[in-house]
Each structure stands twice: as structure tokens, then as C-alpha cells.
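J.: One file: coords.txt (compact mmCIF, C-alpha atoms).
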```txt
# COMPACT_ATOMS: atom_id res chain seq x y z
CA MET A 182 -12.90 55.69 -13.84
CA SER A 183 -11.45 55.06 -17.25
CA LYS A 184 -12.24 51.89 -19.19
CA LYS A 185 -8.67 50.77 -18.65
CA THR A 186 -8.94 50.91 -14.86
CA ILE A 187 -12.16 48.91 -14.92
CA ILE A 188 -10.60 46.24 -17.10
CA ILE A 189 -7.58 46.03 -14.81
CA ILE A 190 -9.84 45.67 -11.75
CA ILE A 191 -11.91 42.94 -13.40
CA LEU A 192 -8.81 41.08 -14.53
CA SER A 193 -7.25 41.19 -11.06
CA VAL A 194 -10.45 39.94 -9.44
CA VAL A 195 -10.58 37.03 -11.90
CA LEU A 196 -6.89 36.31 -11.37
CA ILE A 197 -7.12 36.33 -7.56
CA GLY A 198 -10.29 34.27 -7.72
CA SER A 199 -8.69 31.60 -9.85
CA ILE A 200 -5.57 31.45 -7.66
CA VAL A 201 -7.74 30.97 -4.56
CA LEU A 202 -9.76 28.29 -6.34
CA ALA A 203 -6.64 26.51 -7.60
CA LEU A 204 -5.10 26.53 -4.12
CA LYS A 205 -8.31 25.23 -2.64
CA MET A 206 -8.39 22.38 -5.15
CA TYR A 207 -4.69 21.66 -4.64
CA ASN A 208 -5.19 21.48 -0.90
CA LYS A 209 -8.44 19.55 -1.02
CA PRO A 210 -8.65 17.67 2.29
CA PHE A 211 -8.95 13.89 2.68
CA VAL A 212 -12.35 12.50 3.60
CA ASN A 213 -12.89 12.54 7.34
CA ILE A 214 -13.72 8.89 7.99
CA ALA A 215 -14.90 9.45 11.56
CA GLU A 216 -17.53 11.93 10.42
CA THR A 217 -18.62 10.15 7.25
CA LYS A 218 -21.42 7.63 7.15
CA PRO A 219 -20.21 4.28 5.82
CA ASN A 220 -21.34 3.31 2.32
CA LEU A 221 -21.62 -0.34 3.35
CA LEU A 222 -22.13 -2.35 6.52
CA ILE A 223 -20.78 -5.90 6.45
CA THR A 224 -19.37 -8.66 8.63
CA SER A 225 -15.69 -9.56 8.30
CA ASP A 226 -16.55 -13.14 7.23
CA VAL A 227 -18.81 -12.04 4.37
CA LEU A 228 -16.28 -9.45 3.21
CA VAL A 229 -13.47 -12.05 3.12
CA ASP A 230 -15.75 -14.55 1.35
CA ASN A 231 -16.66 -12.01 -1.32
CA PHE A 232 -13.01 -11.30 -2.05
CA SER A 233 -11.87 -14.92 -2.02
CA ASN A 234 -14.74 -16.02 -4.29
CA ASN A 235 -14.40 -13.31 -6.90
CA GLU A 236 -11.71 -10.72 -6.33
CA ILE A 237 -12.37 -8.74 -9.51
CA GLU A 238 -16.04 -8.33 -8.71
CA ALA A 239 -15.28 -7.52 -5.07
CA ASN A 240 -12.77 -4.89 -6.18
CA THR A 241 -15.41 -3.03 -8.18
CA LYS A 242 -17.78 -3.24 -5.24
CA TYR A 243 -15.53 -2.32 -2.33
CA LEU A 244 -12.38 -0.51 -3.48
CA GLU A 245 -12.07 3.03 -2.12
CA GLU A 246 -15.42 2.70 -0.37
CA ILE A 247 -15.88 3.57 3.27
CA ILE A 248 -16.91 0.26 4.81
CA GLN A 249 -18.00 -0.54 8.34
CA VAL A 250 -16.96 -4.06 9.28
CA ASN A 251 -18.28 -6.07 12.20
CA GLY A 252 -16.03 -8.85 13.42
CA THR A 253 -14.07 -10.54 16.17
CA ILE A 254 -10.58 -9.32 16.95
CA ILE A 255 -8.02 -12.10 16.42
CA ALA A 256 -4.88 -9.99 16.59
CA ILE A 257 -3.72 -6.56 17.74
CA ASP A 258 -0.47 -5.19 16.39
CA SER A 259 1.12 -1.96 15.24
CA ASP A 260 3.06 -0.86 12.18
CA LYS A 261 6.55 0.66 12.22
CA THR A 262 5.15 4.16 12.69
CA GLY A 263 3.24 3.04 15.78
CA LYS A 264 -0.24 3.06 14.25
CA GLY A 265 -2.49 0.23 15.42
CA ILE A 266 -3.43 -2.76 13.29
CA ILE A 267 -6.53 -4.76 14.21
CA THR A 268 -7.16 -8.10 12.51
CA LEU A 269 -10.78 -9.23 12.33
CA GLY A 270 -11.78 -12.78 11.47
CA ASN A 271 -11.73 -16.20 13.00
CA GLU A 272 -8.86 -18.53 13.76
CA ASP A 273 -10.18 -21.34 11.54
CA THR A 274 -9.90 -19.59 8.19
CA ILE A 275 -6.86 -18.14 6.46
CA GLY A 276 -8.33 -14.88 5.24
CA SER A 277 -9.15 -12.03 7.57
CA VAL A 278 -9.75 -8.29 7.47
CA ILE A 279 -6.69 -6.24 8.42
CA CYS A 280 -7.68 -2.80 9.70
CA HIS A 281 -4.93 -0.19 9.80
CA LEU A 282 -6.02 2.43 12.28
CA SER A 283 -5.68 6.15 11.67
CA GLU A 284 -3.15 8.07 13.76
CA LYS A 285 -5.62 9.36 16.31
CA GLU A 286 -7.15 5.98 17.07
CA ASN A 287 -6.05 4.03 20.11
CA GLU A 288 -6.11 0.26 20.18
CA LYS A 289 -5.05 0.05 23.84
CA ASN A 290 -8.54 -0.59 25.18
CA LEU A 291 -9.25 -3.45 22.81
CA LYS A 292 -8.76 -7.15 23.52
CA THR A 293 -8.58 -10.18 21.26
CA GLY A 294 -11.86 -12.10 21.23
CA GLN A 295 -13.84 -8.89 21.49
CA THR A 296 -16.41 -8.06 18.79
CA VAL A 297 -16.06 -4.59 17.31
CA ASN A 298 -17.26 -2.34 14.51
CA ILE A 299 -14.46 -0.72 12.53
CA LYS A 300 -14.91 1.82 9.76
CA GLY A 301 -12.26 2.40 7.09
CA ILE A 302 -11.39 2.63 3.41
CA CYS A 303 -10.94 -0.64 1.55
CA THR A 304 -7.77 -0.70 -0.58
CA GLY A 305 -7.94 -4.31 -1.77
CA TYR A 306 -7.11 -7.93 -1.13
CA LEU A 307 -3.75 -9.65 -0.74
CA MET A 308 -3.96 -12.66 1.58
CA ASP A 309 -6.44 -10.61 3.55
CA VAL A 310 -8.78 -7.74 2.90
CA VAL A 311 -7.03 -4.46 3.73
CA LEU A 312 -8.72 -1.41 5.24
CA VAL A 313 -6.82 1.82 5.90
CA LYS A 314 -7.46 5.00 7.91
CA CYS A 315 -9.73 3.02 10.20
CA VAL A 316 -11.64 4.33 13.18
CA ILE A 317 -13.29 2.24 15.87
CA VAL A 318 -17.04 2.80 15.94
CA PRO A 319 -18.28 3.00 19.52
CA MET B 23 -3.93 -13.61 -10.40
CA LYS B 24 -0.50 -15.11 -11.03
CA ILE B 25 1.04 -13.63 -7.90
CA LYS B 26 -1.69 -15.24 -5.84
CA LEU B 27 -0.76 -18.67 -7.14
CA ILE B 28 2.87 -17.99 -6.37
CA ILE B 29 1.99 -16.85 -2.85
CA ILE B 30 -0.16 -19.91 -2.29
CA ALA B 31 2.49 -22.16 -3.78
CA LEU B 32 5.11 -20.55 -1.57
CA LEU B 33 3.00 -20.95 1.53
CA PHE B 34 1.91 -24.51 1.05
CA SER B 35 4.80 -26.11 -0.73
CA THR B 36 6.66 -28.63 1.37
CA VAL B 37 9.97 -27.54 2.77
CA SER B 38 12.85 -29.21 4.47
CA ILE B 39 12.59 -29.38 8.22
CA GLY B 40 13.99 -26.41 10.11
CA GLN B 41 13.51 -24.01 7.27
CA GLY B 42 10.31 -22.40 6.28
CA LYS B 43 8.34 -19.42 5.22
CA PHE B 44 8.83 -15.95 6.59
CA LEU B 45 6.12 -13.41 6.08
CA THR B 46 5.05 -9.84 6.72
CA LYS B 47 1.66 -8.28 6.06
CA LYS B 48 2.71 -4.82 7.21
CA GLY B 49 5.77 -4.23 5.07
CA TYR B 50 6.72 -0.63 4.34
CA THR B 51 7.21 0.68 0.83
CA SER B 52 7.42 4.31 -0.15
CA PHE B 53 8.26 6.20 -3.26
CA PHE B 54 9.75 9.59 -3.62
CA SER B 55 9.75 11.95 -6.56
CA SER B 56 11.89 15.05 -6.37
CA THR B 57 11.82 17.98 -8.80
CA PRO B 58 12.75 21.65 -8.37
CA ILE B 59 9.00 22.42 -8.22
CA GLU B 60 7.89 19.92 -5.60
CA ASP B 61 8.75 16.77 -3.73
CA ILE B 62 6.14 14.04 -3.63
CA ASN B 63 6.22 11.18 -1.16
CA ALA B 64 3.80 8.30 -0.68
CA ASP B 65 3.86 5.61 2.00
CA ASN B 66 2.37 2.15 2.09
CA ASN B 67 2.42 0.10 5.29
CA GLN B 68 0.26 -2.75 4.02
CA VAL B 69 2.72 -4.66 1.87
CA LEU B 70 2.66 -8.46 1.79
CA SER B 71 6.03 -10.13 1.42
CA ILE B 72 6.88 -13.81 1.71
CA ILE B 73 10.30 -15.44 1.71
CA ASP B 74 10.87 -19.15 1.35
CA SER B 75 14.03 -19.55 3.38
CA SER B 76 14.82 -22.94 1.88
CA SER B 77 15.36 -21.40 -1.55
CA GLY B 78 15.67 -17.66 -0.97
CA THR B 79 12.63 -17.05 -3.16
CA ILE B 80 10.70 -13.88 -2.42
CA ALA B 81 7.21 -12.77 -3.48
CA ILE B 82 5.83 -9.31 -2.77
CA ALA B 83 2.36 -7.87 -3.42
CA ILE B 84 1.47 -4.20 -3.05
CA LEU B 85 -1.96 -2.59 -3.24
CA MET B 86 -1.67 0.62 -5.26
CA LYS B 87 -4.63 2.20 -3.49
CA SER B 88 -2.83 1.77 -0.17
CA PHE B 89 -0.27 4.44 -1.02
CA ALA B 90 -0.96 7.42 1.22
CA PHE B 91 0.01 10.85 -0.09
CA GLU B 92 0.36 14.14 1.67
CA LYS B 93 -2.40 15.67 -0.46
CA SER B 94 -5.61 13.96 -1.49
CA LEU B 95 -5.44 15.47 -4.98
CA MET B 96 -2.05 13.81 -5.56
CA GLN B 97 -3.46 10.48 -4.42
CA GLU B 98 -6.44 10.90 -6.74
CA HIS B 99 -4.24 11.72 -9.75
CA PHE B 100 -1.88 8.86 -8.93
CA ASN B 101 -4.67 6.29 -8.81
CA GLU B 102 -6.89 7.58 -11.58
CA ASN B 103 -4.51 8.99 -14.15
CA TYR B 104 -1.01 7.59 -13.67
CA VAL B 105 -1.02 4.01 -12.38
CA GLU B 106 -4.71 3.40 -13.23
CA SER B 107 -5.21 1.37 -10.08
CA ASP B 108 -8.75 0.31 -10.98
CA ARG B 109 -7.29 -1.64 -13.90
CA TYR B 110 -4.04 -2.55 -12.18
CA PRO B 111 -4.78 -2.71 -8.45
CA LYS B 112 -1.50 -4.40 -7.49
CA ALA B 113 2.19 -4.10 -8.03
CA THR B 114 4.09 -7.33 -7.60
CA PHE B 115 7.63 -8.55 -7.35
CA LYS B 116 8.81 -12.10 -7.59
CA GLY B 117 12.45 -12.94 -7.41
CA LYS B 118 15.34 -14.43 -5.56
CA ILE B 119 17.79 -13.38 -2.90
CA ILE B 120 21.10 -14.38 -4.46
CA ASP B 121 23.20 -16.78 -2.39
CA PHE B 122 20.66 -16.69 0.42
CA GLY B 123 21.70 -20.18 1.55
CA LYS B 124 25.31 -19.08 1.89
CA LEU B 125 24.65 -16.24 4.33
CA ALA B 126 27.16 -16.68 7.09
CA LYS B 127 26.53 -13.60 9.20
CA GLU B 128 23.32 -12.34 10.75
CA GLU B 129 23.77 -9.02 9.02
CA ALA B 130 24.87 -8.68 5.44
CA THR B 131 24.17 -7.05 2.11
CA VAL B 132 22.51 -9.20 -0.51
CA THR B 133 21.55 -8.84 -4.14
CA ILE B 134 17.93 -9.41 -5.06
CA VAL B 135 16.93 -10.03 -8.67
CA GLY B 136 13.50 -10.57 -10.11
CA ASP B 137 10.50 -9.30 -12.01
CA LEU B 138 8.78 -6.13 -10.90
CA THR B 139 5.29 -5.56 -12.29
CA ILE B 140 3.68 -2.14 -12.06
CA HIS B 141 0.80 -0.86 -14.21
CA GLY B 142 0.66 -4.22 -15.95
CA VAL B 143 4.24 -3.91 -17.23
CA THR B 144 6.96 -6.30 -16.05
CA LYS B 145 10.62 -5.31 -15.83
CA LYS B 146 13.63 -7.20 -14.55
CA ILE B 147 15.29 -5.41 -11.69
CA GLU B 148 18.33 -5.98 -9.56
CA THR B 149 18.89 -4.24 -6.26
CA GLN B 150 21.07 -4.37 -3.19
CA SER B 151 19.41 -4.88 0.15
CA LYS B 152 20.52 -4.99 3.75
CA ILE B 153 19.49 -8.21 5.40
CA GLN B 154 19.23 -9.36 9.01
CA TYR B 155 18.56 -13.05 9.26
CA THR B 156 17.92 -14.95 12.49
CA ASN B 157 15.69 -17.87 13.42
CA ASP B 158 12.77 -15.60 14.18
CA LYS B 159 13.09 -12.92 11.55
CA ILE B 160 14.29 -11.83 8.14
CA LEU B 161 14.60 -8.09 7.77
CA LEU B 162 15.14 -6.64 4.30
CA LYS B 163 15.85 -2.96 3.91
CA GLY B 164 16.96 -0.90 0.95
CA ASP B 165 16.05 1.30 -1.96
CA PHE B 166 16.28 1.38 -5.73
CA GLU B 167 15.21 3.57 -8.59
CA VAL B 168 12.65 2.99 -11.31
CA LYS B 169 11.94 4.99 -14.44
CA VAL B 170 8.30 6.01 -14.77
CA ALA B 171 8.44 5.55 -18.55
CA ASP B 172 9.64 1.94 -18.21
CA PHE B 173 6.25 0.95 -16.84
CA GLY B 174 4.16 2.66 -19.50
CA ILE B 175 2.98 5.33 -17.07
CA LYS B 176 2.08 8.50 -18.92
CA ILE B 177 2.47 11.81 -17.16
CA PRO B 178 0.45 14.65 -18.74
CA SER B 179 2.59 17.49 -20.09
CA VAL B 180 1.00 20.03 -17.69
CA VAL B 181 2.59 18.34 -14.69
CA THR B 182 5.66 16.95 -16.41
CA ASN B 183 7.89 19.31 -14.42
CA ASN B 184 6.26 18.34 -11.12
CA ILE B 185 6.97 14.64 -11.34
CA ALA B 186 10.45 13.17 -11.58
CA LYS B 187 11.38 10.86 -14.46
CA THR B 188 13.05 8.53 -11.98
CA ILE B 189 11.33 7.54 -8.74
CA LYS B 190 13.13 6.33 -5.65
CA VAL B 191 11.49 3.30 -4.06
CA THR B 192 12.32 2.50 -0.43
CA PHE B 193 11.42 -0.77 1.26
CA ASP B 194 11.55 -2.17 4.79
CA TYR B 195 10.11 -5.65 5.32
CA ASP B 196 10.35 -7.29 8.72
CA HIS B 197 9.38 -10.91 8.02
CA LYS B 198 8.40 -13.23 10.85
CA PRO B 199 8.16 -17.03 10.69
CA TYR B 200 4.85 -18.12 9.19
CA THR B 201 3.15 -20.56 11.51
CA LYS B 202 -0.43 -20.98 10.34
```
Taking this structure as input, can you express it in the form of C-alpha cells?
T.:
Amino acid sequence: MSKKTIIIIILSVVLIGSIVLALKMYNKPFVNIAETKPNLLITSDVLVDNFSNNEIEANTKYLEEIIQVNGTIIAIDSDKTGKGIITLGNEDTIGSVICHLSEKENEKNLKTGQTVNIKGICTGYLMDVVLVKCVIVP
Amino acid sequence: MKIKLIIIALLFSTVSIGQGKFLTKKGYTSFFSSTPIEDINADNNQVLSIIDSSSGTIAIAILMKSFAFEKSLMQEHFNENYVESDRYPKATFKGKIIDFGKLAKEEATVTIVGDLTIHGVTKKIETQSKIQYTNDKILLKGDFEVKVADFGIKIPSVVTNNIAKTIKVTFDYDHKPYTK
């Protein structure tokens, strides 16, 4: 083999390698919530309290974290795409934790008044704490 | 913080009997960027929007981290590099539905004007919206365009051809009477 051929082979290997790597990075999958251990375990009341007392501090603590929340279901609803929305909290207070379920989750077996554990990603606080991509922890 | 005060003020201010607050906590907002290289779409179904039907005032709050992208890398870049959602976790709008009190039909087109804040920058916007207004709901539906540069959002030159200069924002808010 001539020097030229070797250089061409090396260059093509590097080129193909970087394309594969770039594609892999570009198509990096989302975190699988169901299979990931939560970073934090908390009750819905404490979570709401933390946000209503000091939202800025709570943001640094909870935003984009996978949180498992324990609480009582006060409402079951769905969004316009049909995904379930479970509200955890208690009727006496204004704030609650709104859990937007992931596509595969089914809210049909749940009832209001029931206590559940729900795992999801915290995206922030409006009137309520919002969790997205939630799964129900059995 | 300001939007919170407005929301609280809107919710708890006294209103004339028979008219009140309408609210949604699951409003839909998406944005769409189209270039010859790629189309990027992001959806948010967690939008809070409140209308005071006695005045036609509207307040909207959007969590930037709630925007869901097709690819996780896009979502990461959006939050970390473009809108800097750790520093600016919310986008807000506060404004007015023009001539809301004069709506004669259940379905109409209205003009909404107000201040849109994204990435800490506030711009006046005006947009048309479809409205359906009955005793038990106010539905607002429409779209408008925003310029990325207007909100001080810097797009790195490497991806400048992948992201449109003008982004189409679509909204769909189905408000229900607020009873609490």
C-alpha cells in the first residue's frame, strides 16, 4: 500500500467516525423517567411550600430535576392532546402540584382522594408547581 | 415577580356580580421555526392564562422549561444557550382584549394588545385572535410572529441557518370560570 492509500483510509475512518458521533449526539434520547431513580423524594405540600416561600431558591433546587412527589389526588383531567393531568394537594390551600403525565401513562385507574407517588421533571412554578413527563410509581 | 402580583391582583380583585375571572392552567402554546435546513417545533401544554371578564384584561405566564422539543439536544440548547431559562424561567404577557365588553356574538375575532416579556426583554405586541365566549368558557386561539433578535436572544453563527429569524407562536387557551 502506498502512503497515499493509507492516508485516505485513515481520513475516511475519522470522517465516518465523526459523522456517526455527530448523529448520535444530535439524536441523543430524552431521559427515560420510568427507569431513572428520582433525585428527590418529597410530599406535595412541602414542595408547594418551598416554592411559595422562596421561588428563586426553589427554582435552583428543583428545576429540571426528576422528583418523586407523594400526595393526595384532588383533580384528574387531560390536556388537549389527551394526556392525563393529575393535581396533587389539598382542597384548603391554593397551590398544588400539577403532574402532566407522559403519553404512555394511564390515569383511568386513579380516583380523587387517593394517595399516590408520581415521578416527573419539575419545570417551575406558576400558581402551582408544574411537573412534566410524569409516571405513576406503583 | 411582577406577573405574580398581577395574577394575584386579577384573581382577588373585586368584580361586579355576574362577571368574573376565567382561567386555564393547561393552555397550549407552541413555537415553530422553519428554515430550508430544518423545521423546529416545541409544544407547551402547561400555560397559565387568566382573563378578567369585567375588563377584558388578560395575564399569561409560561414556563420556558416546559417547552417540549422533538430532540433533547434542541431542548438543551434552547434552555441553556438561547433563552437562558435558568436566569429567565418565565415568559409573560399582560394585556387587554380590545372591546371585550362589546362582544355581541359568541364567536368573533378580537385584537389583543399588550406587553410580551421573553428572556427578560419586554416588547409591545398586537395580535388577532379568534374568541368563543359563553358563560362557562372563553376560548382564545390564534398565532403571531416574533423576531428572535427583538428579545435579545443570540443565536450562535454555527446554527444561524438552522434557526429562523422570525418564529411563529401559536396559542390555544380554553379558559373556564375560576371558582376557588
J.: Range 262-271 of chain A, all listed atoms, 5 Å padding on each side: what axis-aligned box centre and edge lengths in Å to one decimal come out, as JSON?
T.:
```
{"center_x": -3.3, "center_y": -6.0, "center_z": 13.6, "size_x": 26.9, "size_y": 30.4, "size_z": 14.3}
```
J.: Using only C-alpha atoms, which protein or nucleic acid residues come within 12 Å of range 99-109 of chain B? Drop anything in the same chain fewer than 6 positions from it, and give the result as a ChimeraX atom specification.
T.: /A:207,237-245,304-305 /B:53,62-64,84-91,93,139-143,170-171,173-178,181-182,185
J.: Find the residues of chain A in contact range of chain B, meaning any atom within 10 Å when counting all atoms listed in the file, and list them as JSON, numbers by chain.
T.: {"A": [206, 207, 208, 209, 210, 211, 212, 236, 237, 240, 241, 244, 245, 258, 259, 260, 261, 262, 264, 266, 272, 273, 274, 275, 279, 280, 281, 302, 303, 304, 305, 306, 307, 308, 309, 311, 312, 313, 314]}
J.: Restricted to C-alpha atoms, what would the selected residues look like written as a compact mmCIF listing (two decimals), in the coordinates of the input?
T.:
```txt
# COMPACT_ATOMS: atom_id res chain seq x y z
CA MET A 206 -8.39 22.38 -5.15
CA TYR A 207 -4.69 21.66 -4.64
CA ASN A 208 -5.19 21.48 -0.90
CA LYS A 209 -8.44 19.55 -1.02
CA PRO A 210 -8.65 17.67 2.29
CA PHE A 211 -8.95 13.89 2.68
CA VAL A 212 -12.35 12.50 3.60
CA GLU A 236 -11.71 -10.72 -6.33
CA ILE A 237 -12.37 -8.74 -9.51
CA ASN A 240 -12.77 -4.89 -6.18
CA THR A 241 -15.41 -3.03 -8.18
CA LEU A 244 -12.38 -0.51 -3.48
CA GLU A 245 -12.07 3.03 -2.12
CA ASP A 258 -0.47 -5.19 16.39
CA SER A 259 1.12 -1.96 15.24
CA ASP A 260 3.06 -0.86 12.18
CA LYS A 261 6.55 0.66 12.22
CA THR A 262 5.15 4.16 12.69
CA LYS A 264 -0.24 3.06 14.25
CA ILE A 266 -3.43 -2.76 13.29
CA GLU A 272 -8.86 -18.53 13.76
CA ASP A 273 -10.18 -21.34 11.54
CA THR A 274 -9.90 -19.59 8.19
CA ILE A 275 -6.86 -18.14 6.46
CA ILE A 279 -6.69 -6.24 8.42
CA CYS A 280 -7.68 -2.80 9.70
CA HIS A 281 -4.93 -0.19 9.80
CA ILE A 302 -11.39 2.63 3.41
CA CYS A 303 -10.94 -0.64 1.55
CA THR A 304 -7.77 -0.70 -0.58
CA GLY A 305 -7.94 -4.31 -1.77
CA TYR A 306 -7.11 -7.93 -1.13
CA LEU A 307 -3.75 -9.65 -0.74
CA MET A 308 -3.96 -12.66 1.58
CA ASP A 309 -6.44 -10.61 3.55
CA VAL A 311 -7.03 -4.46 3.73
CA LEU A 312 -8.72 -1.41 5.24
CA VAL A 313 -6.82 1.82 5.90
CA LYS A 314 -7.46 5.00 7.91
```
J.: Excluding Gln249 in chain A and residues on its chain fewer than 4 positions from it, collect all residues at most 8 Å away from it, counting all atoms listed in the file, and give them as a list of chain:residue names.
T.: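 My reading of the contact set: A:Pro219, A:Asn220, A:Leu221, A:Leu222, A:Ile223, A:Asn298, A:Ile299, A:Lys300, A:Gly301.
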J.: Would you mind reading off the distance between CA of Lys152 in chain B and CA of Thr51 in chain B, one decimal, in Å?
T.: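 Separation of CA of Lys152 in chain B and CA of Thr51 in chain B: 14.8 Å.
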J.: One decimal, Å: what's the distance from CA of Gly276 in chain A over to CA of Lys118 in chain B, could you say?
T.: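 Computed distance, CA of Gly276 in chain A to CA of Lys118 in chain B, equals 26.0 Å.
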J.: Looking at all atoms listed in the file, which of B:Lys116, B:Lys127, B:Lys145, B:Lys198 is the one that sits closest to Asn157 in chain B?
T.: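 Ranked by minimum distance to Asn157 in chain B, first place goes to B:Lys198.
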J.: Using Å and a single decimal, report how far CA of Gly294 in chain A sits from CA of Asn271 in chain A.
T.: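 CA of Asn271 in chain A sits 9.2 Å away from CA of Gly294 in chain A.
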J.: Any chance you could model N, CA and C atoms for range 221-238 of chain A and send them as a PDB file, in the coordinates of the input?
T.:
```pdb
ATOM      1  N   LEU A 221     -21.230   1.069   3.240  1.00  0.00           N
ATOM      2  CA  LEU A 221     -21.620  -0.340   3.350  1.00  0.00           C
ATOM      3  C   LEU A 221     -21.397  -0.831   4.775  1.00  0.00           C
ATOM      4  N   LEU A 222     -22.307  -1.667   5.248  1.00  0.00           N
ATOM      5  CA  LEU A 222     -22.130  -2.350   6.520  1.00  0.00           C
ATOM      6  C   LEU A 222     -22.010  -3.834   6.213  1.00  0.00           C
ATOM      7  N   ILE A 223     -21.011  -4.504   6.799  1.00  0.00           N
ATOM      8  CA  ILE A 223     -20.780  -5.900   6.450  1.00  0.00           C
ATOM      9  C   ILE A 223     -20.039  -6.606   7.587  1.00  0.00           C
ATOM     10  N   THR A 224     -20.165  -7.926   7.643  1.00  0.00           N
ATOM     11  CA  THR A 224     -19.370  -8.660   8.630  1.00  0.00           C
ATOM     12  C   THR A 224     -18.034  -9.045   7.995  1.00  0.00           C
ATOM     13  N   SER A 225     -17.026  -9.250   8.832  1.00  0.00           N
ATOM     14  CA  SER A 225     -15.690  -9.560   8.300  1.00  0.00           C
ATOM     15  C   SER A 225     -15.719 -10.863   7.493  1.00  0.00           C
ATOM     16  N   ASP A 226     -16.491 -11.857   7.940  1.00  0.00           N
ATOM     17  CA  ASP A 226     -16.550 -13.140   7.230  1.00  0.00           C
ATOM     18  C   ASP A 226     -17.116 -12.988   5.815  1.00  0.00           C
ATOM     19  N   VAL A 227     -18.194 -12.234   5.690  1.00  0.00           N
ATOM     20  CA  VAL A 227     -18.810 -12.040   4.370  1.00  0.00           C
ATOM     21  C   VAL A 227     -17.868 -11.259   3.450  1.00  0.00           C
ATOM     22  N   LEU A 228     -17.213 -10.258   4.004  1.00  0.00           N
ATOM     23  CA  LEU A 228     -16.280  -9.450   3.210  1.00  0.00           C
ATOM     24  C   LEU A 228     -15.134 -10.323   2.669  1.00  0.00           C
ATOM     25  N   VAL A 229     -14.564 -11.156   3.538  1.00  0.00           N
ATOM     26  CA  VAL A 229     -13.470 -12.050   3.120  1.00  0.00           C
ATOM     27  C   VAL A 229     -13.973 -13.037   2.067  1.00  0.00           C
ATOM     28  N   ASP A 230     -15.165 -13.611   2.311  1.00  0.00           N
ATOM     29  CA  ASP A 230     -15.750 -14.550   1.350  1.00  0.00           C
ATOM     30  C   ASP A 230     -15.906 -13.921  -0.024  1.00  0.00           C
ATOM     31  N   ASN A 231     -16.446 -12.690  -0.047  1.00  0.00           N
ATOM     32  CA  ASN A 231     -16.660 -12.010  -1.320  1.00  0.00           C
ATOM     33  C   ASN A 231     -15.362 -11.846  -2.089  1.00  0.00           C
ATOM     34  N   PHE A 232     -14.295 -11.488  -1.382  1.00  0.00           N
ATOM     35  CA  PHE A 232     -13.010 -11.300  -2.050  1.00  0.00           C
ATOM     36  C   PHE A 232     -12.404 -12.631  -2.485  1.00  0.00           C
ATOM     37  N   SER A 233     -12.517 -13.666  -1.631  1.00  0.00           N
ATOM     38  CA  SER A 233     -11.870 -14.920  -2.020  1.00  0.00           C
ATOM     39  C   SER A 233     -12.644 -15.629  -3.128  1.00  0.00           C
ATOM     40  N   ASN A 234     -13.959 -15.391  -3.219  1.00  0.00           N
ATOM     41  CA  ASN A 234     -14.740 -16.020  -4.290  1.00  0.00           C
ATOM     42  C   ASN A 234     -14.530 -15.346  -5.632  1.00  0.00           C
ATOM     43  N   ASN A 235     -14.551 -14.022  -5.640  1.00  0.00           N
ATOM     44  CA  ASN A 235     -14.400 -13.310  -6.900  1.00  0.00           C
ATOM     45  C   ASN A 235     -13.765 -11.951  -6.628  1.00  0.00           C
ATOM     46  N   GLU A 236     -12.430 -11.936  -6.703  1.00  0.00           N
ATOM     47  CA  GLU A 236     -11.710 -10.720  -6.330  1.00  0.00           C
ATOM     48  C   GLU A 236     -12.015  -9.547  -7.249  1.00  0.00           C
ATOM     49  N   ILE A 237     -12.142  -9.827  -8.547  1.00  0.00           N
ATOM     50  CA  ILE A 237     -12.370  -8.740  -9.510  1.00  0.00           C
ATOM     51  C   ILE A 237     -13.700  -8.050  -9.239  1.00  0.00           C
ATOM     52  N   GLU A 238     -14.719  -8.882  -9.002  1.00  0.00           N
ATOM     53  CA  GLU A 238     -16.040  -8.330  -8.710  1.00  0.00           C
ATOM     54  C   GLU A 238     -16.036  -7.571  -7.385  1.00  0.00           C
TER      55      GLU A 238
END
```
